[in-house]
$ cat start03.cif   # mmCIF, C-alpha atoms
data_my_file
#
loop_
_atom_site.label_atom_id
_atom_site.label_comp_id
_atom_site.auth_asym_id
_atom_site.auth_seq_id
_atom_site.Cartn_x
_atom_site.Cartn_y
_atom_site.Cartn_z
CA MET A 1 158.12 109.55 19.52
CA ARG A 2 160.37 110.16 16.53
CA THR A 3 158.94 113.66 16.27
CA VAL A 4 160.12 114.73 19.71
CA LEU A 5 163.53 113.16 19.13
CA ARG A 6 163.99 115.37 16.06
CA ARG A 7 164.16 118.36 18.41
CA PRO A 8 167.87 119.00 19.26
CA ASP A 9 167.13 120.57 22.66
CA PHE A 10 164.98 117.63 23.73
CA ARG A 11 167.59 115.13 22.54
CA LEU A 12 170.15 116.72 24.85
CA LEU A 13 167.77 116.60 27.80
CA PHE A 14 166.87 113.04 26.84
CA VAL A 15 170.53 111.95 27.18
CA ALA A 16 170.70 113.51 30.65
CA VAL A 17 167.50 111.84 31.82
CA LEU A 18 168.73 108.53 30.39
CA ALA A 19 171.90 108.75 32.52
CA SER A 20 169.87 109.59 35.61
CA MET A 21 167.40 106.77 34.99
CA ALA A 22 170.23 104.29 34.45
CA ALA A 23 171.73 105.25 37.82
CA GLU A 24 168.35 104.79 39.47
CA SER A 25 167.65 101.43 37.83
CA VAL A 26 170.84 99.76 39.11
CA LEU A 27 170.64 101.32 42.57
CA LEU A 28 167.15 101.03 44.03
CA LEU A 29 166.64 97.27 43.94
CA ALA A 30 170.25 96.71 44.99
CA LEU A 31 169.67 98.75 48.16
CA ALA A 32 166.76 96.51 49.14
CA VAL A 33 168.74 93.34 48.31
CA TRP A 34 171.67 94.75 50.29
CA VAL A 35 169.44 95.17 53.36
CA LYS A 36 167.97 91.68 52.87
CA ASP A 37 171.48 90.23 52.68
CA LEU A 38 172.64 92.03 55.84
CA THR A 39 169.53 91.32 57.93
CA GLY A 40 167.77 88.29 56.41
CA SER A 41 164.46 90.12 56.85
CA ASP A 42 161.84 90.55 54.11
CA GLY A 43 160.22 93.38 56.08
CA MET A 44 163.45 95.32 56.49
CA ALA A 45 164.21 94.90 52.79
CA GLY A 46 160.79 96.29 51.88
CA ALA A 47 161.32 99.13 54.38
CA THR A 48 164.16 100.36 52.16
CA ILE A 49 161.60 101.34 49.52
CA PHE A 50 159.53 102.92 52.29
CA ALA A 51 162.53 105.07 53.24
CA ILE A 52 162.74 106.34 49.65
CA ILE A 53 159.06 107.23 49.44
CA ALA A 54 158.57 108.61 52.97
CA PRO A 55 160.08 112.07 52.15
CA MET A 56 157.09 112.67 49.85
CA THR A 57 155.48 114.31 52.89
CA LEU A 58 157.84 117.24 52.21
CA ALA A 59 156.77 117.54 48.56
CA PRO A 60 154.89 120.87 48.93
CA LEU A 61 158.00 122.48 50.41
CA VAL A 62 160.25 121.02 47.70
CA GLY A 63 157.87 122.11 44.93
CA TRP A 64 157.71 125.64 46.32
CA LEU A 65 161.53 125.74 46.36
CA VAL A 66 161.71 124.52 42.74
CA ASP A 67 159.32 127.28 41.60
CA ARG A 68 161.68 129.93 43.00
CA TYR A 69 164.64 129.16 40.70
CA ARG A 70 165.47 128.68 37.02
CA ARG A 71 164.91 125.09 35.94
CA ARG A 72 168.18 124.29 34.15
CA PRO A 73 170.64 125.30 36.91
CA PHE A 74 168.39 123.74 39.53
CA PHE A 75 168.39 120.44 37.62
CA VAL A 76 172.20 120.50 37.45
CA VAL A 77 172.58 121.19 41.17
CA ALA A 78 170.00 118.52 42.10
CA ASN A 79 171.87 115.85 40.12
CA LEU A 80 175.17 116.85 41.71
CA GLY A 81 173.51 116.63 45.11
CA ALA A 82 172.14 113.16 44.32
CA ALA A 83 175.68 111.99 43.51
CA VAL A 84 177.14 113.40 46.72
CA LEU A 85 174.50 111.91 49.01
CA LEU A 86 175.46 108.38 47.91
CA CYS A 87 178.93 108.70 49.42
CA PRO A 88 177.99 107.30 52.88
CA LEU A 89 177.21 103.93 51.26
CA PHE A 90 180.96 103.29 51.04
CA ALA A 91 180.98 103.03 54.86
CA VAL A 92 178.46 100.15 55.02
CA ARG A 93 180.06 96.93 56.27
CA ASP A 94 177.60 94.82 58.32
CA ARG A 95 174.12 94.68 59.88
CA ALA A 96 174.95 97.52 62.27
CA ASP A 97 175.32 99.85 59.26
CA VAL A 98 171.87 99.22 57.81
CA TRP A 99 170.73 102.59 59.16
CA VAL A 100 173.17 104.24 56.74
CA ILE A 101 171.36 102.63 53.79
CA TYR A 102 168.03 103.86 55.14
CA VAL A 103 169.32 107.43 55.55
CA VAL A 104 170.77 107.47 52.04
CA ALA A 105 167.52 106.03 50.67
CA ALA A 106 165.51 108.78 52.39
CA LEU A 107 167.82 111.52 51.09
CA TYR A 108 167.63 110.08 47.60
CA GLY A 109 163.82 110.10 47.87
CA LEU A 110 164.00 113.82 48.66
CA SER A 111 166.24 114.50 45.68
CA TYR A 112 163.91 112.47 43.45
CA ILE A 113 161.02 114.83 44.28
CA ALA A 114 163.11 117.84 43.33
CA LEU A 115 164.40 116.26 40.10
CA SER A 116 160.88 115.26 39.02
CA ALA A 117 159.45 118.69 39.68
CA VAL A 118 162.21 120.63 37.93
CA LEU A 119 162.19 118.27 34.95
CA SER A 120 158.53 119.16 34.52
CA GLY A 121 159.47 122.77 33.92
CA LEU A 122 162.25 121.97 31.50
CA ILE A 123 160.03 119.78 29.36
CA ARG A 124 157.27 122.37 29.38
CA GLN A 125 159.69 124.86 27.85
CA LEU A 126 160.87 122.43 25.17
CA ILE A 127 157.81 120.41 24.09
CA PRO A 128 154.54 121.66 22.52
CA SER A 129 151.24 120.50 23.95
CA GLU A 130 150.33 118.08 21.18
CA LEU A 131 153.57 116.12 21.71
CA LEU A 132 153.30 115.75 25.48
CA ALA A 133 152.00 112.19 25.46
CA ASP A 134 154.70 111.19 22.99
CA ALA A 135 157.44 112.73 25.13
CA ASN A 136 156.04 111.06 28.26
CA GLY A 137 155.75 107.75 26.46
CA LEU A 138 159.31 107.98 25.14
CA LEU A 139 160.79 108.57 28.59
CA GLN A 140 158.65 105.80 30.04
CA THR A 141 159.87 103.52 27.24
CA VAL A 142 163.44 104.21 28.32
CA ARG A 143 162.59 103.70 31.98
CA GLN A 144 160.86 100.41 31.32
CA GLY A 145 163.61 99.32 28.92
CA LEU A 146 166.14 99.85 31.69
CA ARG A 147 164.11 97.47 33.83
CA LEU A 148 165.18 94.73 31.44
CA VAL A 149 168.85 95.16 32.28
CA GLY A 150 169.24 97.53 35.23
CA PRO A 151 167.85 95.53 38.16
CA LEU A 152 169.28 92.23 36.92
CA ALA A 153 172.67 93.85 36.32
CA GLY A 154 172.48 95.59 39.68
CA ALA A 155 171.62 92.39 41.53
CA GLY A 156 174.36 90.52 39.64
CA LEU A 157 176.99 93.16 40.39
CA TYR A 158 175.93 93.24 44.02
CA ALA A 159 176.28 89.45 44.27
CA ALA A 160 179.74 89.66 42.65
CA VAL A 161 181.37 92.70 44.24
CA GLY A 162 178.97 94.15 46.82
CA GLY A 163 177.07 97.42 46.99
CA TRP A 164 180.00 99.84 46.82
CA LEU A 165 180.55 99.45 43.08
CA LEU A 166 176.85 100.01 42.48
CA ALA A 167 177.01 103.22 44.50
CA ALA A 168 179.95 104.39 42.36
CA LEU A 169 178.10 103.60 39.12
CA ALA A 170 174.99 105.45 40.30
CA MET A 171 177.09 108.47 41.24
CA LEU A 172 178.59 108.47 37.76
CA GLY A 173 175.12 108.47 36.18
CA PHE A 174 174.02 111.53 38.15
CA LEU A 175 177.25 113.36 37.35
CA VAL A 176 176.78 112.70 33.62
CA ALA A 177 173.19 113.98 33.81
CA ALA A 178 174.37 117.19 35.47
CA ALA A 179 177.12 117.71 32.88
CA VAL A 180 174.84 117.17 29.87
CA VAL A 181 172.09 119.49 31.10
CA GLY A 182 174.80 122.05 31.78
CA LEU A 183 175.24 122.19 27.97
CA LEU A 184 171.53 122.85 27.38
CA ARG A 185 170.63 126.42 26.42
CA VAL A 186 167.18 127.40 27.62
CA ASN A 187 165.77 130.93 27.49
CA GLU A 188 164.13 131.30 30.87
CA SER A 189 163.53 134.36 33.00
CA ALA A 190 164.16 134.38 36.73
CA PRO A 191 160.99 133.47 38.67
CA SER A 192 159.72 136.26 40.88
CA GLY A 193 159.96 133.97 43.88
CA ALA A 194 161.65 136.51 46.12
CA ASP A 195 158.31 138.33 46.56
CA LEU A 196 156.34 135.24 47.53
CA ARG A 197 154.79 134.79 50.94
CA TRP A 198 155.89 131.21 51.53
CA SER A 199 153.21 130.52 54.13
CA ALA A 200 150.51 131.37 51.57
CA GLU A 201 152.13 129.82 48.49
CA LEU A 202 153.29 126.55 50.04
CA GLY A 203 149.88 124.92 49.59
CA ALA A 204 149.10 126.45 46.18
CA GLY A 205 149.78 123.18 44.37
CA LEU A 206 147.41 121.25 46.62
CA ARG A 207 144.71 123.89 46.19
CA HIS A 208 144.98 123.64 42.42
CA LEU A 209 144.76 119.86 42.51
CA SER A 210 141.69 119.93 44.72
CA GLY A 211 139.96 122.58 42.58
CA GLU A 212 140.42 120.97 39.15
CA PRO A 213 137.78 118.19 38.74
CA ALA A 214 139.74 115.79 36.53
CA LEU A 215 142.90 116.08 38.63
CA ARG A 216 140.94 115.66 41.86
CA ARG A 217 139.21 112.47 40.76
CA ALA A 218 142.33 111.05 39.10
CA LEU A 219 144.38 111.45 42.25
CA LEU A 220 141.56 110.13 44.43
CA GLY A 221 141.28 106.93 42.39
CA TYR A 222 145.01 106.43 41.98
CA GLY A 223 145.59 107.25 45.66
CA LEU A 224 143.08 104.57 46.63
CA GLY A 225 144.99 102.01 44.60
CA SER A 226 148.28 103.21 46.06
CA LEU A 227 147.02 102.43 49.56
CA VAL A 228 147.66 98.74 48.83
CA MET A 229 150.03 98.76 45.85
CA GLY A 230 152.95 99.34 48.19
CA PHE A 231 152.32 95.99 49.88
CA THR A 232 153.98 94.35 46.89
CA GLU A 233 157.39 95.85 47.75
CA SER A 234 157.63 93.46 50.71
CA LEU A 235 155.35 90.75 49.33
CA ILE A 236 157.60 90.10 46.33
CA PHE A 237 160.43 89.04 48.65
CA ALA A 238 158.08 86.67 50.49
CA TYR A 239 156.77 85.39 47.13
CA VAL A 240 160.30 84.55 45.98
CA ASP A 241 161.46 83.16 49.33
CA GLN A 242 158.40 81.30 50.65
CA GLY A 243 156.47 80.69 47.44
CA LEU A 244 159.18 79.88 44.90
CA GLY A 245 161.90 78.81 47.34
CA ARG A 246 164.59 80.95 45.70
CA ASP A 247 167.27 83.41 46.84
CA ALA A 248 166.38 87.11 47.26
CA ALA A 249 168.54 88.04 44.26
CA PHE A 250 165.95 86.24 42.08
CA VAL A 251 163.74 89.29 42.63
CA GLY A 252 165.97 90.99 40.06
CA VAL A 253 164.96 88.39 37.48
CA LEU A 254 161.26 88.99 38.15
CA VAL A 255 161.66 92.76 37.95
CA THR A 256 163.37 92.27 34.60
CA VAL A 257 160.36 90.23 33.43
CA GLN A 258 158.17 93.08 34.59
CA GLY A 259 160.29 95.36 32.42
CA PHE A 260 159.14 93.53 29.26
CA GLY A 261 155.53 94.32 30.13
CA GLY A 262 156.51 97.87 31.01
CA LEU A 263 158.25 98.32 27.69
CA ALA A 264 155.10 97.25 25.84
CA GLY A 265 152.95 99.54 27.98
CA ALA A 266 155.24 102.50 27.42
CA LEU A 267 155.20 102.01 23.66
CA LEU A 268 151.40 101.91 23.70
CA SER A 269 150.82 104.66 26.26
CA ALA A 270 150.76 107.66 23.91
CA THR A 271 148.22 105.88 21.68
CA VAL A 272 146.05 105.01 24.69
CA VAL A 273 146.07 108.65 25.87
CA ARG A 274 145.08 109.87 22.40
CA ARG A 275 142.21 107.37 22.16
CA ALA A 276 140.93 107.18 25.76
CA GLY A 277 142.09 110.47 27.26
CA GLU A 278 144.38 110.96 30.22
CA VAL A 279 142.00 109.62 32.88
CA GLY A 280 141.10 106.68 30.64
CA ALA A 281 144.78 105.71 30.32
CA LEU A 282 145.23 106.06 34.08
CA ALA A 283 142.15 103.90 34.67
CA ALA A 284 143.45 101.16 32.37
CA GLY A 285 146.79 101.10 34.14
CA VAL A 286 145.36 100.86 37.66
CA THR A 287 142.82 98.20 36.61
CA PHE A 288 145.49 95.96 35.02
CA PHE A 289 147.34 95.83 38.34
CA GLY A 290 144.39 94.01 39.94
CA PRO A 291 144.47 90.65 38.12
CA ALA A 292 148.28 90.73 38.24
CA ALA A 293 148.23 90.85 42.03
CA LEU A 294 145.54 88.16 42.21
CA ALA A 295 147.68 85.84 40.08
CA LEU A 296 150.66 86.28 42.42
CA ALA A 297 148.55 84.85 45.24
CA TYR A 298 149.12 81.45 43.59
CA PRO A 299 152.90 80.72 43.69
CA ARG A 300 153.71 79.19 40.33
CA LEU A 301 156.61 80.57 38.32
CA TRP A 302 154.84 80.52 34.93
CA LEU A 303 151.82 82.32 36.40
CA GLY A 304 154.08 84.76 38.18
CA VAL A 305 155.77 85.62 34.89
CA LEU A 306 152.40 86.40 33.29
CA ALA A 307 151.36 88.43 36.33
CA LEU A 308 154.51 90.52 36.29
CA LEU A 309 154.16 91.14 32.56
CA LEU A 310 150.66 92.51 33.22
CA ALA A 311 151.85 94.54 36.21
CA GLY A 312 154.60 95.97 34.04
CA LEU A 313 152.07 96.91 31.36
CA SER A 314 150.04 98.83 33.92
CA LEU A 315 152.78 101.06 35.30
CA PRO A 316 153.62 103.23 32.26
CA LEU A 317 149.94 103.65 31.42
CA THR A 318 149.30 105.11 34.88
CA MET A 319 152.37 107.34 34.76
CA VAL A 320 151.84 108.70 31.24
CA GLY A 321 148.14 109.25 31.87
CA LEU A 322 148.68 111.08 35.17
CA ASN A 323 151.71 113.06 34.02
CA THR A 324 150.04 114.27 30.85
CA LEU A 325 146.94 115.24 32.81
CA VAL A 326 148.98 117.30 35.26
CA GLN A 327 150.91 118.94 32.44
CA ARG A 328 147.83 120.01 30.50
CA ARG A 329 145.81 121.24 33.48
CA THR A 330 148.42 123.32 35.36
CA PRO A 331 149.39 127.01 35.01
CA ALA A 332 153.11 127.58 34.42
CA GLY A 333 153.79 129.36 37.70
CA LEU A 334 152.42 126.45 39.74
CA LEU A 335 154.33 123.80 37.85
CA GLY A 336 156.83 122.75 40.50
CA ARG A 337 154.32 122.76 43.32
CA VAL A 338 151.61 120.90 41.45
CA ALA A 339 154.02 118.26 40.13
CA ALA A 340 155.48 117.71 43.59
CA ALA A 341 152.07 117.71 45.26
CA ALA A 342 150.67 115.19 42.75
CA GLU A 343 153.67 112.95 43.37
CA ALA A 344 153.09 113.22 47.12
CA LEU A 345 149.37 112.46 46.92
CA VAL A 346 150.14 109.23 45.09
CA SER A 347 153.36 108.25 46.85
CA GLY A 348 152.13 109.24 50.32
CA PRO A 349 149.51 106.47 50.50
CA GLN A 350 152.02 104.16 48.81
CA ALA A 351 154.63 104.93 51.47
CA LEU A 352 152.04 104.15 54.14
CA SER A 353 151.15 100.90 52.40
CA ILE A 354 154.83 99.90 52.08
CA GLY A 355 155.29 100.37 55.81
CA THR A 356 152.07 98.52 56.54
CA GLY A 357 153.01 95.73 54.13
CA ALA A 358 156.42 95.36 55.77
CA LEU A 359 154.61 94.73 59.07
CA LEU A 360 151.78 92.56 57.73
CA VAL A 361 154.04 90.23 55.74
CA GLY A 362 155.47 88.99 59.03
CA VAL A 363 152.09 88.08 60.54
CA LEU A 364 149.76 87.28 57.62
CA ASP A 365 150.00 84.92 54.68
CA TYR A 366 151.45 86.85 51.72
CA ARG A 367 148.89 85.18 49.41
CA LEU A 368 146.03 86.73 51.35
CA LEU A 369 147.68 90.14 51.07
CA PHE A 370 148.14 89.76 47.30
CA ALA A 371 144.42 88.98 47.01
CA LEU A 372 143.58 92.15 48.96
CA VAL A 373 145.80 94.19 46.65
CA GLY A 374 144.12 92.71 43.58
CA LEU A 375 140.56 93.43 44.69
CA THR A 376 141.31 96.98 45.85
CA THR A 377 143.18 98.07 42.73
CA THR A 378 140.51 96.61 40.47
CA GLY A 379 137.90 98.69 42.30
CA ALA A 380 140.04 101.84 42.06
CA GLY A 381 140.52 101.29 38.32
CA LEU A 382 136.79 100.94 37.72
CA TYR A 383 136.18 104.18 39.63
CA LEU A 384 138.65 105.99 37.37
CA TRP A 385 137.15 104.47 34.24
CA HIS A 386 133.75 105.83 35.28
CA HIS A 387 135.20 109.37 35.22
CA ARG A 388 137.21 109.03 32.01
CA ARG A 389 134.91 111.48 30.17
CA LEU A 390 136.39 114.34 32.20
CA THR A 391 139.34 114.18 29.80
CA PRO A 392 138.00 113.26 26.36
CA PRO A 393 140.61 112.35 23.75
CA PRO A 394 142.00 115.47 22.04
CA THR A 395 141.10 116.13 18.43
CA ARG A 396 143.41 117.26 15.66
CA THR A 397 141.93 120.75 15.61
CA THR A 398 141.82 121.48 19.32
CA HIS A 399 144.37 121.34 22.07
CA PRO A 400 143.80 120.88 25.81
CA GLU A 401 143.58 124.20 27.58
CA VAL A 402 144.98 125.14 30.97
CA PRO A 403 142.00 125.96 33.21
CA ARG A 404 141.74 129.29 34.97
CA PRO A 405 142.79 129.21 38.64
CA ARG A 406 140.09 129.49 41.28
CA ARG A 407 141.88 132.34 43.09
CA PRO A 408 143.79 135.51 42.11
CA LEU A 409 147.25 134.66 40.79
CA SER A 410 150.27 135.50 42.91
CA ALA A 411 153.44 136.94 41.44
CA VAL A 412 154.79 133.58 40.42
CA ASP A 413 151.55 132.62 38.74
CA HIS A 414 151.63 135.63 36.41
CA GLU A 415 154.05 133.97 34.04
CA VAL A 416 152.71 133.89 30.50
CA VAL A 417 150.99 130.56 29.90
CA VAL A 418 151.35 129.53 26.28
CA PRO A 419 148.84 126.77 25.46
CA THR A 420 151.34 124.95 23.25
CA ARG A 421 154.15 124.83 25.81
CA GLN A 422 153.79 122.13 28.40
CA GLN A 423 155.72 120.03 30.89
CA HIS A 424 156.74 116.51 31.75
CA VAL A 425 156.81 114.71 35.10
CA ARG A 426 159.07 111.75 35.58
#
$ encode --input "start03.cif" --output "structure tokens"
Amino acid sequence: MRTVLRRPDFRLLFVAVLASMAAESVLLLALAVWVKDLTGSDGMAGATIFAIIAPMTLAPLVGWLVDRYRRRPFFVVANLGAAVLLCPLFAVRDRADVWVIYVVAALYGLSYIALSAVLSGLIRQLIPSELLADANGLLQTVRQGLRLVGPLAGAGLYAAVGGWLLAALAMLGFLVAAAVVGLLRVNESAPSGADLRWSAELGAGLRHLSGEPALRRALLGYGLGSLVMGFTESLIFAYVDQGLGRDAAFVGVLVTVQGFGGLAGALLSATVVRRAGEVGALAAGVTFFGPAALALAYPRLWLGVLALLLAGLSLPLTMVGLNTLVQRRTPAGLLGRVAAAAEALVSGPQALSIGTGALLVGVLDYRLLFALVGLTTTGAGLYLWHHRRLTPPPTRTTHPEVPRPRRPLSAVDHEVVVPTRQQHVR
């Protein structure tokens, strides 16, 4: 991780991503708590996260749009747009205004897809292949570190002054990210997107994902786990309310506990990728989520703390494993579309499971649902572990190669692919 931080261009981008992540960390949980406070409903609170993830259905379109423009200016504009779209939150006053929070959450989810996809291209231009796992692990370390303070600070500020100040702080974070990346100097040519037939190129990312064996199996296994992982977005509110008998704001405390596990997982993630390969790291992360969910079926605070530490450990392993796999197995011209499509194929089932969980938590015992989550994710993790040999750990003398596409390259795909220049997905 120190190696990538010695690169001046990456340090500048790192500061921008840090500001953006900080805005996200204080905002997302606060939106759900805000809805819970206005409505008193666990399901409606969980539906806030569903609103953020639901726009993933538009990921192929967003990825195609990202591939048509230079990465640096697009990243600046996307951060400015994220700041502007938070403005309607200042109009929220009572239960009748909950729809405003949902609309803002959905728009933010759309901007998140664009930011993730364009960041992939920027990192690919700045970081050599052998440092990809380190760069991914470093950014995940920051993200998980923010979990230690962001959600708790966000919930505390919301309890003290309401959601408007949080909206203002999040806007400031996105504005800082845009300003810092505006200082970054990247030599990038204009993509030849004007010549693309959008109807043919829109699904190029999905075709690449389905044609590359390791990516196909990784997304199948992770997607299976995501079908139930989203239940926990609503279940955690029921766990705190019904199981522990505490106020909804206590969710912020538990998410902070999860951040400690996430911090440990992020610090270890690059080492796990180097020793077990990308699919092996992904398999470990998904498998760890299983026993964590099973433990939450028994409402005891000490056991819940252990479960959330384990759940936190799993998240960066899955993200670093999947992100590095996508980065090393994708041609440069497909970068935006593949990154967005991969995000959609994971978050799509998760969005469905969040909506389903929001409904089921009102009619079924949350403990039963946690047990279902635990069994399913354990099975998905074992499936991934079985296919870990598709991505053997890299050696010191060889570097992962980008596979040849299965079809003739279009204009955008004819960018020069340098094996030592890769990407990063948030």
$ resolve_selection --input "start03.cif" --expression "the PyMOL selection byres ((chain A and resi 295) around 12)" --output "ChimeraX atom specification"
/A:239,288-294,296-311,367-375
$ axis_aligned_box --input "start03.cif" --around "region 297-301 of chain A" --padding-each-side "5 Å" --output "lines of an AutoDock Vina configuration file"
center_x = 152.6
center_y = 82.0
center_z = 41.8
size_x = 18.1
size_y = 15.7
size_z = 16.9
$ atom_distance --input "start03.cif" --atom1 "CA of Ser314 (chain A)" --atom2 "CA of Gly211 (chain A)"
27.2 Å
$ resolve_selection --input "start03.cif" --expression "the PyMOL selection byres ((chain A and resi 313) around 8)" --output "number ranges by chain"
A: 258, 261-266, 285, 288, 309-312, 314-317
$ write_last_selection --input "start03.cif" --atoms "C-alpha atoms" --output "tab-separated table (two decimals), keeping the file's coordinate frame"
chain	number	residue	atom	x	y	z
A	258	GLN	CA	158.17	93.08	34.59
A	261	GLY	CA	155.53	94.32	30.13
A	262	GLY	CA	156.51	97.87	31.01
A	263	LEU	CA	158.25	98.32	27.69
A	264	ALA	CA	155.10	97.25	25.84
A	265	GLY	CA	152.95	99.54	27.98
A	266	ALA	CA	155.24	102.50	27.42
A	285	GLY	CA	146.79	101.10	34.14
A	288	PHE	CA	145.49	95.96	35.02
A	309	LEU	CA	154.16	91.14	32.56
A	310	LEU	CA	150.66	92.51	33.22
A	311	ALA	CA	151.85	94.54	36.21
A	312	GLY	CA	154.60	95.97	34.04
A	314	SER	CA	150.04	98.83	33.92
A	315	LEU	CA	152.78	101.06	35.30
A	316	PRO	CA	153.62	103.23	32.26
A	317	LEU	CA	149.94	103.65	31.42
$ atom_distance --input "start03.cif" --atom1 "CA of Pro213 (chain A)" --atom2 "CA of Pro349 (chain A)"
20.3 Å
$ atom_distance --input "start03.cif" --atom1 "CA of Val62 (chain A)" --atom2 "CA of Asn79 (chain A)"
14.8 Å
$ resolve_selection --input "start03.cif" --expression "the PyMOL selection byres ((chain A and resi 92-107) around 7)" --output "ChimeraX atom specification"
/A:35,38-39,48,51-52,54-55,85-86,88-91,108-111
$ decode --input "start03.cif" --residues "region 133-148 of chain A" --atoms "N, CA, C and O atoms" --output "short mmCIF file (atom, residue, chain, number, x, y, z; two decimals), in the first residue's frame"
data_model
loop_
_atom_site.label_atom_id
_atom_site.label_comp_id
_atom_site.auth_asym_id
_atom_site.auth_seq_id
_atom_site.Cartn_x
_atom_site.Cartn_y
_atom_site.Cartn_z
N ALA A 133 -4.10 -4.96 -6.60
CA ALA A 133 -4.66 -5.43 -5.34
C ALA A 133 -4.31 -4.50 -4.19
O ALA A 133 -5.12 -4.26 -3.29
N ASP A 134 -3.11 -3.94 -4.22
CA ASP A 134 -2.71 -3.00 -3.17
C ASP A 134 -3.54 -1.72 -3.23
O ASP A 134 -3.95 -1.18 -2.20
N ALA A 135 -3.76 -1.21 -4.45
CA ALA A 135 -4.58 0.00 -4.60
C ALA A 135 -6.01 -0.27 -4.16
O ALA A 135 -6.62 0.54 -3.44
N ASN A 136 -6.57 -1.40 -4.56
CA ASN A 136 -7.92 -1.77 -4.13
C ASN A 136 -8.00 -1.91 -2.62
O ASN A 136 -8.94 -1.45 -1.98
N GLY A 137 -7.00 -2.59 -2.06
CA GLY A 137 -6.99 -2.78 -0.61
C GLY A 137 -6.86 -1.48 0.14
O GLY A 137 -7.49 -1.29 1.20
N LEU A 138 -6.06 -0.54 -0.39
CA LEU A 138 -5.90 0.75 0.27
C LEU A 138 -7.22 1.52 0.30
O LEU A 138 -7.62 2.06 1.34
N LEU A 139 -7.91 1.57 -0.83
CA LEU A 139 -9.18 2.30 -0.86
C LEU A 139 -10.24 1.60 -0.01
O LEU A 139 -11.07 2.26 0.62
N GLN A 140 -10.21 0.28 0.03
CA GLN A 140 -11.14 -0.42 0.92
C GLN A 140 -10.78 -0.18 2.38
O GLN A 140 -11.67 -0.11 3.24
N THR A 141 -9.49 -0.03 2.68
CA THR A 141 -9.09 0.28 4.05
C THR A 141 -9.67 1.62 4.48
O THR A 141 -10.19 1.78 5.60
N VAL A 142 -9.60 2.60 3.59
CA VAL A 142 -10.19 3.91 3.89
C VAL A 142 -11.70 3.80 4.06
O VAL A 142 -12.28 4.34 5.01
N ARG A 143 -12.34 3.08 3.14
CA ARG A 143 -13.80 2.93 3.23
C ARG A 143 -14.20 2.27 4.54
O ARG A 143 -15.14 2.72 5.22
N GLN A 144 -13.52 1.21 4.91
CA GLN A 144 -13.87 0.51 6.14
C GLN A 144 -13.49 1.34 7.37
O GLN A 144 -14.17 1.29 8.39
N GLY A 145 -12.37 2.09 7.27
CA GLY A 145 -12.01 2.96 8.37
C GLY A 145 -13.07 4.02 8.63
O GLY A 145 -13.36 4.38 9.78
N LEU A 146 -13.66 4.53 7.55
CA LEU A 146 -14.72 5.53 7.70
C LEU A 146 -15.96 4.94 8.37
O LEU A 146 -16.75 5.68 8.97
N ARG A 147 -16.13 3.63 8.26
CA ARG A 147 -17.25 2.99 8.95
C ARG A 147 -17.12 3.12 10.47
O ARG A 147 -18.11 3.01 11.18
N LEU A 148 -15.90 3.33 10.94
CA LEU A 148 -15.69 3.45 12.38
C LEU A 148 -16.22 4.77 12.92
O LEU A 148 -16.56 4.88 14.10
#
